[in-house]
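**Q** As input, take entry_2.txt (compact mmCIF, C-alpha atoms):
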```txt
# COMPACT_ATOMS: atom_id res chain seq x y z
CA MET A 1 -14.31 22.59 -21.80
CA ASN A 2 -11.36 20.36 -21.08
CA TRP A 3 -9.98 19.04 -17.85
CA LYS A 4 -6.41 20.09 -17.17
CA LEU A 5 -4.68 18.10 -14.49
CA ASP A 6 -1.05 18.53 -13.59
CA ASP A 7 1.37 16.51 -11.52
CA SER A 8 2.02 18.75 -8.57
CA MET A 9 -1.23 18.81 -6.63
CA PRO A 10 -3.67 16.17 -5.44
CA ILE A 11 -6.09 15.40 -8.24
CA TRP A 12 -9.23 16.01 -6.20
CA ILE A 13 -8.17 19.58 -5.37
CA GLN A 14 -7.63 20.31 -9.05
CA LEU A 15 -11.03 18.85 -9.89
CA THR A 16 -12.72 20.95 -7.19
CA GLU A 17 -11.08 24.09 -8.56
CA GLN A 18 -12.12 23.38 -12.12
CA ILE A 19 -15.71 22.56 -11.30
CA THR A 20 -15.87 25.68 -9.11
CA LYS A 21 -14.72 27.73 -12.10
CA ARG A 22 -17.41 26.12 -14.24
CA ILE A 23 -20.04 27.07 -11.69
CA VAL A 24 -18.96 30.70 -11.19
CA SER A 25 -18.61 31.20 -14.94
CA GLY A 26 -22.07 29.75 -15.58
CA VAL A 27 -21.07 26.64 -17.51
CA TYR A 28 -23.12 24.78 -14.91
CA PRO A 29 -26.02 27.23 -14.35
CA LEU A 30 -27.48 28.06 -10.93
CA GLY A 31 -30.04 25.58 -9.64
CA GLU A 32 -29.31 23.11 -12.44
CA LYS A 33 -28.48 19.46 -11.98
CA LEU A 34 -24.82 18.48 -12.21
CA PRO A 35 -23.79 15.44 -14.27
CA SER A 36 -23.42 12.31 -12.14
CA VAL A 37 -20.18 11.35 -10.42
CA ARG A 38 -19.72 8.56 -12.92
CA GLU A 39 -20.27 10.80 -15.95
CA LEU A 40 -17.92 13.45 -14.62
CA ALA A 41 -15.29 10.85 -13.72
CA ALA A 42 -15.44 9.22 -17.14
CA ASP A 43 -15.30 12.63 -18.83
CA ALA A 44 -12.21 13.68 -16.87
CA SER A 45 -10.74 10.14 -17.03
CA VAL A 46 -10.31 10.03 -13.29
CA ASN A 47 -11.19 7.59 -10.58
CA PRO A 48 -14.85 7.92 -9.48
CA ASN A 49 -13.81 7.99 -5.81
CA THR A 50 -11.54 10.96 -6.53
CA MET A 51 -14.38 12.76 -8.31
CA GLN A 52 -16.67 11.97 -5.39
CA ARG A 53 -14.20 13.59 -3.02
CA ALA A 54 -13.97 16.70 -5.20
CA LEU A 55 -17.75 17.02 -5.29
CA SER A 56 -18.08 16.58 -1.52
CA LYS A 57 -15.83 19.60 -1.13
CA LEU A 58 -18.23 21.59 -3.32
CA ASP A 59 -21.07 20.50 -1.03
CA ASP A 60 -19.04 21.70 1.96
CA ASP A 61 -18.40 25.02 0.23
CA GLY A 62 -22.13 25.39 -0.32
CA LEU A 63 -21.74 25.55 -4.09
CA THR A 64 -23.69 22.37 -4.62
CA GLU A 65 -26.42 20.55 -2.76
CA THR A 66 -27.06 16.87 -2.67
CA ASN A 67 -30.61 15.68 -2.61
CA ARG A 68 -31.50 12.04 -2.19
CA THR A 69 -33.98 12.01 -5.03
CA THR A 70 -32.71 14.53 -7.54
CA GLY A 71 -28.96 14.04 -7.19
CA ARG A 72 -26.54 16.90 -7.02
CA THR A 73 -27.58 20.39 -8.09
CA VAL A 74 -25.76 23.69 -8.28
CA THR A 75 -26.82 26.08 -5.53
CA SER A 76 -29.52 28.56 -6.52
CA SER A 77 -28.04 31.25 -4.26
CA VAL A 78 -26.45 34.06 -6.22
CA ASP A 79 -24.78 35.33 -3.04
CA VAL A 80 -22.86 32.11 -2.41
CA VAL A 81 -21.59 32.01 -5.97
CA ASN A 82 -20.65 35.70 -5.93
CA ASP A 83 -18.73 35.23 -2.69
CA VAL A 84 -16.70 32.40 -4.14
CA ARG A 85 -16.22 34.32 -7.36
CA ASN A 86 -14.93 37.38 -5.53
CA LYS A 87 -12.54 35.30 -3.47
CA MET A 88 -11.14 33.73 -6.62
CA ALA A 89 -10.81 37.17 -8.19
CA GLU A 90 -8.91 38.43 -5.14
CA GLN A 91 -6.50 35.54 -5.47
CA GLN A 92 -5.94 36.35 -9.14
CA VAL A 93 -5.21 39.98 -8.31
CA LYS A 94 -2.81 39.01 -5.58
CA ARG A 95 -1.03 36.61 -7.89
CA TYR A 96 -0.68 39.34 -10.52
CA LEU A 97 0.61 41.92 -8.06
CA ASP A 98 3.07 39.42 -6.55
CA GLY A 99 4.35 38.58 -10.01
CA MET A 100 4.75 42.24 -10.90
CA ALA A 101 6.50 42.95 -7.59
CA GLN A 102 9.04 40.29 -8.51
CA LEU A 103 9.68 42.24 -11.71
CA GLY A 104 10.21 45.40 -9.63
CA PHE A 105 6.84 47.09 -10.29
CA SER A 106 5.03 48.97 -7.55
CA ASN A 107 1.27 48.40 -7.22
CA GLU A 108 0.66 51.76 -8.91
CA GLN A 109 2.87 50.85 -11.85
CA ALA A 110 1.23 47.44 -12.05
CA LYS A 111 -2.16 49.15 -12.39
CA GLU A 112 -0.86 51.32 -15.20
CA MET A 113 0.42 48.24 -16.97
CA ILE A 114 -3.06 46.74 -16.90
CA GLU A 115 -4.44 49.84 -18.60
CA LEU A 116 -1.67 49.75 -21.20
CA GLY A 117 -2.35 46.06 -21.77
CA GLU A 118 -6.06 46.69 -22.25
CA ASN A 119 -5.39 49.35 -24.84
CA ASP A 120 -3.15 47.01 -26.80
CA LEU A 121 -5.79 44.32 -26.98
CA MET B 1 -13.83 -12.51 8.97
CA SER B 2 -12.48 -9.30 7.56
CA ASN B 3 -14.22 -6.92 5.22
CA GLN B 4 -11.17 -6.74 2.98
CA LEU B 5 -11.44 -8.21 -0.49
CA ILE B 6 -7.78 -9.17 -0.63
CA SER B 7 -5.75 -9.88 2.41
CA CYS B 8 -2.21 -11.28 2.41
CA ARG B 9 -0.39 -12.23 5.61
CA ASP B 10 3.38 -12.84 5.67
CA LEU B 11 3.12 -14.06 2.13
CA SER B 12 6.35 -15.45 0.67
CA LYS B 13 7.12 -17.28 -2.53
CA GLY B 14 10.45 -18.79 -3.40
CA PHE B 15 11.62 -20.31 -6.66
CA GLY B 16 14.51 -22.51 -5.55
CA PRO B 17 17.00 -20.23 -3.85
CA THR B 18 15.34 -17.07 -5.18
CA LEU B 19 12.75 -15.31 -3.05
CA ALA B 20 10.28 -13.69 -5.44
CA LEU B 21 8.10 -12.37 -2.62
CA SER B 22 9.00 -12.09 1.02
CA ASP B 23 6.67 -11.35 3.92
CA VAL B 24 4.13 -9.40 1.94
CA ASN B 25 1.25 -7.97 3.97
CA ILE B 26 -1.47 -6.28 1.95
CA ASP B 27 -5.10 -5.40 2.53
CA VAL B 28 -7.26 -4.15 -0.30
CA GLY B 29 -10.92 -3.22 0.17
CA THR B 30 -13.78 -3.25 -2.33
CA GLY B 31 -14.61 -0.47 -4.73
CA LYS B 32 -11.00 0.44 -5.41
CA ILE B 33 -8.78 0.76 -8.43
CA VAL B 34 -5.31 -0.15 -7.25
CA GLY B 35 -2.00 0.07 -9.09
CA LEU B 36 0.59 -2.61 -8.44
CA LEU B 37 3.81 -0.89 -9.37
CA GLY B 38 7.44 -1.86 -9.31
CA PRO B 39 10.48 -2.27 -11.51
CA ASN B 40 11.02 -5.39 -13.60
CA GLY B 41 11.46 -8.44 -11.42
CA ALA B 42 9.88 -6.85 -8.35
CA GLY B 43 7.38 -9.70 -7.96
CA LYS B 44 4.25 -8.16 -9.49
CA THR B 45 3.34 -11.12 -11.68
CA THR B 46 4.20 -13.59 -8.92
CA LEU B 47 1.80 -11.82 -6.56
CA ILE B 48 -0.97 -11.83 -9.15
CA LYS B 49 -0.44 -15.52 -9.88
CA LEU B 50 -0.61 -16.31 -6.18
CA LEU B 51 -3.87 -14.38 -5.89
CA ASN B 52 -5.17 -16.49 -8.78
CA GLY B 53 -4.16 -19.77 -7.27
CA LEU B 54 -1.83 -20.44 -10.21
CA LEU B 55 1.07 -20.56 -7.74
CA GLN B 56 1.12 -21.85 -4.20
CA PRO B 57 2.70 -19.74 -1.46
CA THR B 58 5.89 -21.00 0.15
CA LYS B 59 4.80 -19.35 3.38
CA GLY B 60 1.96 -17.21 4.63
CA GLU B 61 -1.69 -16.86 3.72
CA ILE B 62 -3.91 -15.29 1.09
CA LEU B 63 -7.60 -14.65 1.50
CA ILE B 64 -9.85 -13.34 -1.25
CA ASP B 65 -13.31 -12.46 -0.03
CA ASN B 66 -12.37 -14.43 3.12
CA GLN B 67 -11.57 -17.59 1.16
CA LYS B 68 -8.32 -19.24 0.13
CA PRO B 69 -7.74 -19.22 -3.64
CA GLY B 70 -9.77 -22.08 -5.07
CA VAL B 71 -12.98 -22.86 -6.89
CA TYR B 72 -14.98 -20.09 -5.22
CA THR B 73 -12.39 -17.36 -5.70
CA LYS B 74 -11.96 -18.31 -9.36
CA SER B 75 -15.65 -17.65 -9.88
CA ILE B 76 -15.28 -14.08 -8.61
CA VAL B 77 -11.85 -13.23 -10.01
CA SER B 78 -11.38 -12.13 -13.61
CA TYR B 79 -7.76 -12.46 -14.63
CA LEU B 80 -5.84 -10.92 -17.50
CA PRO B 81 -2.51 -12.76 -17.78
CA ASP B 82 0.68 -11.08 -18.89
CA ARG B 83 0.76 -13.20 -22.00
CA MET B 84 -1.58 -14.45 -24.68
CA TYR B 85 -3.14 -17.85 -24.11
CA PHE B 86 -5.63 -18.14 -26.98
CA ASP B 87 -5.28 -20.79 -29.63
CA ASP B 88 -4.45 -19.34 -33.02
CA TRP B 89 -7.09 -21.25 -34.93
CA MET B 90 -9.95 -19.87 -32.88
CA LYS B 91 -12.13 -16.95 -33.85
CA VAL B 92 -13.01 -14.05 -31.58
CA ASP B 93 -16.56 -15.46 -31.60
CA ASP B 94 -15.30 -18.82 -30.37
CA MET B 95 -13.52 -17.16 -27.49
CA MET B 96 -16.70 -15.36 -26.47
CA LYS B 97 -18.63 -18.63 -26.51
CA LEU B 98 -15.91 -20.32 -24.49
CA PHE B 99 -16.02 -17.55 -21.90
CA SER B 100 -19.81 -17.54 -21.67
CA ASN B 101 -19.83 -21.33 -21.17
CA PHE B 102 -17.12 -21.06 -18.59
CA TYR B 103 -18.19 -18.10 -16.51
CA ALA B 104 -21.72 -17.54 -15.26
CA ASP B 105 -21.03 -13.81 -14.94
CA PHE B 106 -19.92 -13.30 -18.57
CA ASP B 107 -21.96 -10.69 -20.44
CA SER B 108 -21.84 -11.58 -24.17
CA LYS B 109 -23.70 -8.46 -25.21
CA LYS B 110 -21.21 -6.24 -23.48
CA ALA B 111 -18.31 -8.07 -25.13
CA GLN B 112 -19.88 -7.65 -28.56
CA GLU B 113 -20.46 -3.96 -27.99
CA MET B 114 -16.87 -3.43 -26.96
CA CYS B 115 -15.62 -5.30 -30.04
CA LYS B 116 -17.80 -3.05 -32.14
CA SER B 117 -16.51 0.17 -30.62
CA LEU B 118 -12.93 -1.00 -31.20
CA SER B 119 -13.79 -2.13 -34.77
CA ILE B 120 -12.83 -5.72 -34.10
CA ASP B 121 -14.61 -8.20 -36.35
CA PRO B 122 -15.80 -11.11 -34.17
CA SER B 123 -15.49 -13.53 -37.08
CA SER B 124 -11.78 -12.95 -37.51
CA ARG B 125 -9.32 -15.64 -36.52
CA ILE B 126 -6.97 -14.93 -33.66
CA LYS B 127 -4.06 -15.79 -35.95
CA THR B 128 -4.85 -12.87 -38.24
CA LEU B 129 -4.94 -10.26 -35.47
CA SER B 130 -2.06 -7.97 -34.60
CA LYS B 131 -0.41 -8.22 -31.21
CA GLY B 132 -2.19 -5.10 -29.94
CA THR B 133 -5.58 -6.28 -31.20
CA LYS B 134 -5.11 -9.65 -29.51
CA GLU B 135 -4.46 -7.84 -26.26
CA LYS B 136 -7.61 -5.79 -26.75
CA VAL B 137 -9.67 -8.92 -27.36
CA GLN B 138 -8.27 -10.47 -24.24
CA LEU B 139 -9.09 -7.40 -22.20
CA ILE B 140 -12.63 -7.23 -23.63
CA LEU B 141 -13.24 -10.81 -22.51
CA VAL B 142 -11.87 -10.19 -19.06
CA MET B 143 -13.78 -6.93 -18.50
CA SER B 144 -17.06 -8.40 -19.78
CA ARG B 145 -17.35 -10.51 -16.67
CA ALA B 146 -19.18 -9.08 -13.67
CA ALA B 147 -16.43 -10.12 -11.29
CA LYS B 148 -15.66 -8.91 -7.80
CA LEU B 149 -11.96 -8.71 -8.44
CA TYR B 150 -10.19 -7.96 -11.70
CA LEU B 151 -6.52 -8.83 -11.79
CA LEU B 152 -4.95 -7.17 -14.80
CA ASP B 153 -1.32 -7.99 -15.42
CA GLU B 154 0.18 -5.34 -17.71
CA PRO B 155 -3.01 -4.51 -19.61
CA ILE B 156 -1.71 -1.45 -21.43
CA ALA B 157 1.88 -2.25 -22.28
CA GLY B 158 1.37 -3.44 -25.84
CA VAL B 159 -1.29 -1.12 -27.21
CA ASP B 160 -1.21 2.31 -28.82
CA PRO B 161 -2.08 5.45 -26.81
CA ALA B 162 -5.60 5.74 -28.23
CA ALA B 163 -6.37 2.15 -27.31
CA ARG B 164 -4.81 2.79 -23.92
CA ASP B 165 -7.35 5.56 -23.34
CA PHE B 166 -10.10 3.21 -24.42
CA ILE B 167 -8.89 0.57 -21.99
CA LEU B 168 -8.72 3.03 -19.11
CA ASN B 169 -12.19 4.28 -19.95
CA THR B 170 -13.44 0.71 -20.08
CA ILE B 171 -12.05 0.17 -16.61
CA LEU B 172 -13.63 3.40 -15.36
CA THR B 173 -17.06 2.83 -16.86
CA ASN B 174 -17.13 -0.75 -15.62
CA TYR B 175 -16.16 0.40 -12.21
CA SER B 176 -18.60 -0.64 -9.52
CA GLU B 177 -18.65 -0.13 -5.79
CA ASN B 178 -18.66 -3.87 -5.32
CA ALA B 179 -15.62 -4.59 -7.43
CA THR B 180 -11.94 -3.93 -7.15
CA VAL B 181 -9.45 -3.67 -10.00
CA LEU B 182 -5.79 -4.46 -9.41
CA ILE B 183 -3.58 -3.33 -12.29
CA SER B 184 0.09 -4.12 -12.53
CA THR B 185 2.08 -1.83 -14.75
CA HIS B 186 5.13 0.32 -15.06
CA LEU B 187 3.43 2.87 -17.30
CA ILE B 188 2.39 4.98 -14.36
CA THR B 189 1.76 8.36 -16.01
CA ASP B 190 -0.93 6.89 -18.20
CA ILE B 191 -2.78 5.31 -15.38
CA GLU B 192 -2.17 7.50 -12.36
CA ARG B 193 -5.41 9.48 -12.64
CA VAL B 194 -7.61 6.43 -12.49
CA LEU B 195 -6.03 4.89 -9.42
CA ASP B 196 -7.24 5.16 -5.83
CA GLU B 197 -4.10 3.80 -4.34
CA VAL B 198 -0.78 2.29 -5.29
CA ILE B 199 1.29 -0.57 -3.97
CA PHE B 200 5.02 -0.31 -4.65
CA LEU B 201 6.90 -3.60 -4.81
CA GLN B 202 10.64 -3.91 -4.86
CA ASN B 203 12.73 -7.07 -4.61
CA GLY B 204 9.68 -8.99 -3.45
CA ARG B 205 8.76 -6.59 -0.67
CA VAL B 206 5.99 -4.04 -0.34
CA ILE B 207 7.73 -0.73 0.22
CA LEU B 208 4.68 1.53 0.02
CA GLN B 209 0.90 1.30 0.02
CA GLU B 210 -0.82 4.63 -0.11
CA SER B 211 -3.50 6.66 -1.87
CA VAL B 212 -2.43 8.60 -4.96
CA ASP B 213 -3.68 11.90 -3.59
CA SER B 214 -1.92 11.54 -0.26
CA ILE B 215 1.35 10.81 -2.10
CA ARG B 216 0.86 14.00 -4.09
CA GLU B 217 0.00 15.90 -0.93
CA LYS B 218 3.00 14.66 1.03
CA GLU B 219 5.63 14.52 -1.67
CA GLY B 220 4.45 17.40 -3.81
CA LYS B 221 4.93 15.30 -6.91
CA SER B 222 3.17 12.72 -8.99
CA VAL B 223 3.36 9.00 -8.31
CA ASP B 224 5.30 8.67 -11.55
CA ALA B 225 7.92 11.17 -10.36
CA LEU B 226 8.13 9.43 -6.99
CA PHE B 227 8.60 6.09 -8.70
CA ARG B 228 11.40 7.48 -10.86
CA ASP B 229 13.13 8.89 -7.79
CA MET B 230 12.80 5.73 -5.77
CA PHE B 231 13.97 3.35 -8.45
CA LYS B 232 16.56 5.53 -10.08
CA SER B 233 19.50 3.65 -11.57
CA VAL B 234 22.66 5.66 -11.89
CA PRO B 235 24.44 5.06 -15.19
CA ASN B 236 27.96 3.65 -14.82
CA ALA B 237 27.35 2.80 -11.17
CA GLY B 238 27.63 -0.91 -11.76
CA GLY B 239 23.88 -1.15 -12.37
CA GLU B 240 23.04 -1.04 -8.69
CA ASN B 241 19.79 0.53 -7.70
CA ASN B 242 20.25 3.77 -5.94
CA VAL B 243 17.43 3.60 -3.44
CA ARG B 244 17.03 6.60 -1.26
```
What is this file in structure tokens?

**A**
Amino acid sequence: MNWKLDDSMPIWIQLTEQITKRIVSGVYPLGEKLPSVRELAADASVNPNTMQRALSKLDDDGLTETNRTTGRTVTSSVDVVNDVRNKMAEQQVKRYLDGMAQLGFSNEQAKEMIELGENDL
Amino acid sequence: MSNQLISCRDLSKGFGPTLALSDVNIDVGTGKIVGLLGPNGAGKTTLIKLLNGLLQPTKGEILIDNQKPGVYTKSIVSYLPDRMYFDDWMKVDDMMKLFSNFYADFDSKKAQEMCKSLSIDPSSRIKTLSKGTKEKVQLILVMSRAAKLYLLDEPIAGVDPAARDFILNTILTNYSENATVLISTHLITDIERVLDEVIFLQNGRVILQESVDSIREKEGKSVDALFRDMFKSVPNAGGENNVR
């Protein structure tokens, strides 16, 4: 999986988002150890302090836990991950509906379009 | 005593009637990667040479690790100049020996490993190397020291994009909480992600010192875009800088 960073937003926010996605999608499994700050920073070619800041946010969100001896692990709580996952899904839905509204679709019509789209795939 | 690694107070440097730096005040802590950015002639190289003790200030004071530039600071500062200073007849090997004799903190093994990963043959003569390869060798030597402060003057200007990535990765993997890296460049896009903070110089003055992420937060654009806006030259406007 690649890191995609754009110019508009602070880098640490983008890193937090992408690691969050990796956790909810299971790339970093529940209860497993995360790579170290240094490894992640080198992999994403970003400043280690920036990566540190992104990971602290994950700690605050409860998605990761830092332990003095074992380093940083992904939370083992399914509930926490599901909560975050649902929130992200809600945002996606809202974004889709907003986009469709701009094209003049009602929510009902937007739903129908999803079904049409699914059939085409 | 301050806990800053670099601290400049009212620092000015004149060359005859020209003021290359005027009343520069900067503090840089440890464990940072800092970009020194500015258009050509802004005073970047002058500042770095002052930090090195290669130039003497006309006015003001510099402290590096609470000491004036001198014998002690040279032992903790690793400097990459903006031009090549190796003798043509020497081999890469010779340079490594020279550095390990000269600097107690030089790690020969590390230098050899880096040469290997860049496919540079240590037995080749400097004369036979391309311009980009010479720059790589120079950077390898500089980064193989365990210094407290790395002063890199235009480290990425002359090398291809793949080597640029290697250089940035070298800087990142060598990063330590006890060291600070100051990089002067105008290739901001390439380097923006690895920086903690940036210092903008223009006409010898510091016009901005801020963290990369807070610039993005406040301005809603990258440091590169901000730089382009701030130092925009309007064509056919008599070449004057159109500073906002």

**Q** Per residue of chain A within 6 Å of chain B, what are the shortest atom pair and its distance in Å to one decimal, counting all atoms listed in the file, with rows by chain and residue number, as JSON lines?

**A**
```
{"residue": "A:Asp7", "atom": "CA", "partner": "B:Ser222", "partner_atom": "CA", "distance": 4.9}
{"residue": "A:Ser8", "atom": "CA", "partner": "B:Lys221", "partner_atom": "CA", "distance": 4.8}
{"residue": "A:Met9", "atom": "CA", "partner": "B:Arg216", "partner_atom": "CA", "distance": 5.8}
{"residue": "A:Pro10", "atom": "CA", "partner": "B:Asp213", "partner_atom": "CA", "distance": 4.7}
{"residue": "A:Val46", "atom": "CA", "partner": "B:Val194", "partner_atom": "CA", "distance": 4.6}
{"residue": "A:Asn47", "atom": "CA", "partner": "B:Val194", "partner_atom": "CA", "distance": 4.2}
```

**Q** Just how far from atom CA of B:Arg9 is atom CA of B:Thr58, in Å to one decimal?

**A**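 So the answer is 12.1 Å.
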
**Q** Expressed in Å to a single decimal, how great is the separation between atom CA of A:Ile23 and atom CA of A:Leu40?

**A** 14.1 Å

**Q** I want to know what sits within 10 Å of B:Leu118, based on all atoms listed in the file, with residues of the same chain fewer than 2 positions away left out; could you give that as a PyMOL selection string?

**A** chain B and resi 112-116+120-121+133+136-137+140+163+166

**Q** Find the residues around B:Gly38 up to 8 Å (all atoms listed in the file counted), leave out those fewer than 4 positions away in its own chain, and share them as a PyMOL selection string.

**A** chain B and resi 42-44+185-186+200-202

**Q** Restricting it to C-alpha atoms, dump the selection as an mmCIF file, in the coordinates of the input.

**A**
```cif
data_model
loop_
_atom_site.group_PDB
_atom_site.id
_atom_site.type_symbol
_atom_site.label_atom_id
_atom_site.label_comp_id
_atom_site.auth_asym_id
_atom_site.auth_seq_id
_atom_site.Cartn_x
_atom_site.Cartn_y
_atom_site.Cartn_z
ATOM 1 C CA ALA B 42 9.880 -6.850 -8.350
ATOM 2 C CA GLY B 43 7.380 -9.700 -7.960
ATOM 3 C CA LYS B 44 4.250 -8.160 -9.490
ATOM 4 C CA THR B 185 2.080 -1.830 -14.750
ATOM 5 C CA HIS B 186 5.130 0.320 -15.060
ATOM 6 C CA PHE B 200 5.020 -0.310 -4.650
ATOM 7 C CA LEU B 201 6.900 -3.600 -4.810
ATOM 8 C CA GLN B 202 10.640 -3.910 -4.860
#
```

**Q** (-4.5, -23.2, -6.6) in this file's frame - what residues fall within 8 Å of it? Use only C-alpha atoms and give the answer as a PyMOL selection string.

**A** chain B and resi 50+52-56+69-70

**Q** Closest to A:Leu55 among A:Lys87, A:Lys4, A:Arg38, A:Arg68, using all atoms listed in the file?

**A** A:Arg38

**Q** So which one's closest to B:Asp190, B:Gly35, B:Val142, B:Asn25, B:Ala111? Using all atoms listed in the file, please.

**A**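 Closest residue, counting all atoms listed in the file: B:Gly35.
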
**Q** Output stretch 12-23 of chain A with N, CA, C and O atoms present, as a PDB file, keeping the file's coordinate frame.

**A**
```pdb
ATOM      1  N   TRP A  12      -7.886  15.556  -6.607  1.00  0.00           N
ATOM      2  CA  TRP A  12      -9.230  16.010  -6.200  1.00  0.00           C
ATOM      3  C   TRP A  12      -9.285  17.514  -6.017  1.00  0.00           C
ATOM      4  O   TRP A  12     -10.298  18.145  -6.337  1.00  0.00           O
ATOM      5  N   ILE A  13      -8.183  18.121  -5.551  1.00  0.00           N
ATOM      6  CA  ILE A  13      -8.170  19.580  -5.370  1.00  0.00           C
ATOM      7  C   ILE A  13      -8.287  20.268  -6.729  1.00  0.00           C
ATOM      8  O   ILE A  13      -9.028  21.243  -6.894  1.00  0.00           O
ATOM      9  N   GLN A  14      -7.573  19.724  -7.714  1.00  0.00           N
ATOM     10  CA  GLN A  14      -7.630  20.310  -9.050  1.00  0.00           C
ATOM     11  C   GLN A  14      -9.033  20.180  -9.642  1.00  0.00           C
ATOM     12  O   GLN A  14      -9.532  21.082 -10.316  1.00  0.00           O
ATOM     13  N   LEU A  15      -9.669  19.039  -9.376  1.00  0.00           N
ATOM     14  CA  LEU A  15     -11.030  18.850  -9.890  1.00  0.00           C
ATOM     15  C   LEU A  15     -11.996  19.829  -9.223  1.00  0.00           C
ATOM     16  O   LEU A  15     -12.822  20.446  -9.895  1.00  0.00           O
ATOM     17  N   THR A  16     -11.863  19.999  -7.903  1.00  0.00           N
ATOM     18  CA  THR A  16     -12.720  20.950  -7.190  1.00  0.00           C
ATOM     19  C   THR A  16     -12.579  22.344  -7.787  1.00  0.00           C
ATOM     20  O   THR A  16     -13.571  23.011  -8.079  1.00  0.00           O
ATOM     21  N   GLU A  17     -11.320  22.757  -7.998  1.00  0.00           N
ATOM     22  CA  GLU A  17     -11.080  24.090  -8.560  1.00  0.00           C
ATOM     23  C   GLU A  17     -11.758  24.262  -9.916  1.00  0.00           C
ATOM     24  O   GLU A  17     -12.382  25.288 -10.201  1.00  0.00           O
ATOM     25  N   GLN A  18     -11.614  23.226 -10.757  1.00  0.00           N
ATOM     26  CA  GLN A  18     -12.120  23.380 -12.120  1.00  0.00           C
ATOM     27  C   GLN A  18     -13.642  23.363 -12.169  1.00  0.00           C
ATOM     28  O   GLN A  18     -14.255  24.080 -12.958  1.00  0.00           O
ATOM     29  N   ILE A  19     -14.250  22.560 -11.313  1.00  0.00           N
ATOM     30  CA  ILE A  19     -15.710  22.560 -11.300  1.00  0.00           C
ATOM     31  C   ILE A  19     -16.222  23.876 -10.701  1.00  0.00           C
ATOM     32  O   ILE A  19     -17.209  24.436 -11.175  1.00  0.00           O
ATOM     33  N   THR A  20     -15.507  24.381  -9.683  1.00  0.00           N
ATOM     34  CA  THR A  20     -15.870  25.680  -9.110  1.00  0.00           C
ATOM     35  C   THR A  20     -15.863  26.753 -10.195  1.00  0.00           C
ATOM     36  O   THR A  20     -16.801  27.550 -10.323  1.00  0.00           O
ATOM     37  N   LYS A  21     -14.799  26.741 -11.005  1.00  0.00           N
ATOM     38  CA  LYS A  21     -14.720  27.730 -12.100  1.00  0.00           C
ATOM     39  C   LYS A  21     -15.903  27.574 -13.051  1.00  0.00           C
ATOM     40  O   LYS A  21     -16.461  28.558 -13.524  1.00  0.00           O
ATOM     41  N   ARG A  22     -16.280  26.336 -13.335  1.00  0.00           N
ATOM     42  CA  ARG A  22     -17.410  26.120 -14.240  1.00  0.00           C
ATOM     43  C   ARG A  22     -18.703  26.664 -13.638  1.00  0.00           C
ATOM     44  O   ARG A  22     -19.569  27.149 -14.361  1.00  0.00           O
ATOM     45  N   ILE A  23     -18.811  26.571 -12.317  1.00  0.00           N
ATOM     46  CA  ILE A  23     -20.040  27.070 -11.690  1.00  0.00           C
ATOM     47  C   ILE A  23     -20.051  28.601 -11.685  1.00  0.00           C
ATOM     48  O   ILE A  23     -21.037  29.216 -12.102  1.00  0.00           O
TER      49      ILE A  23
END
```
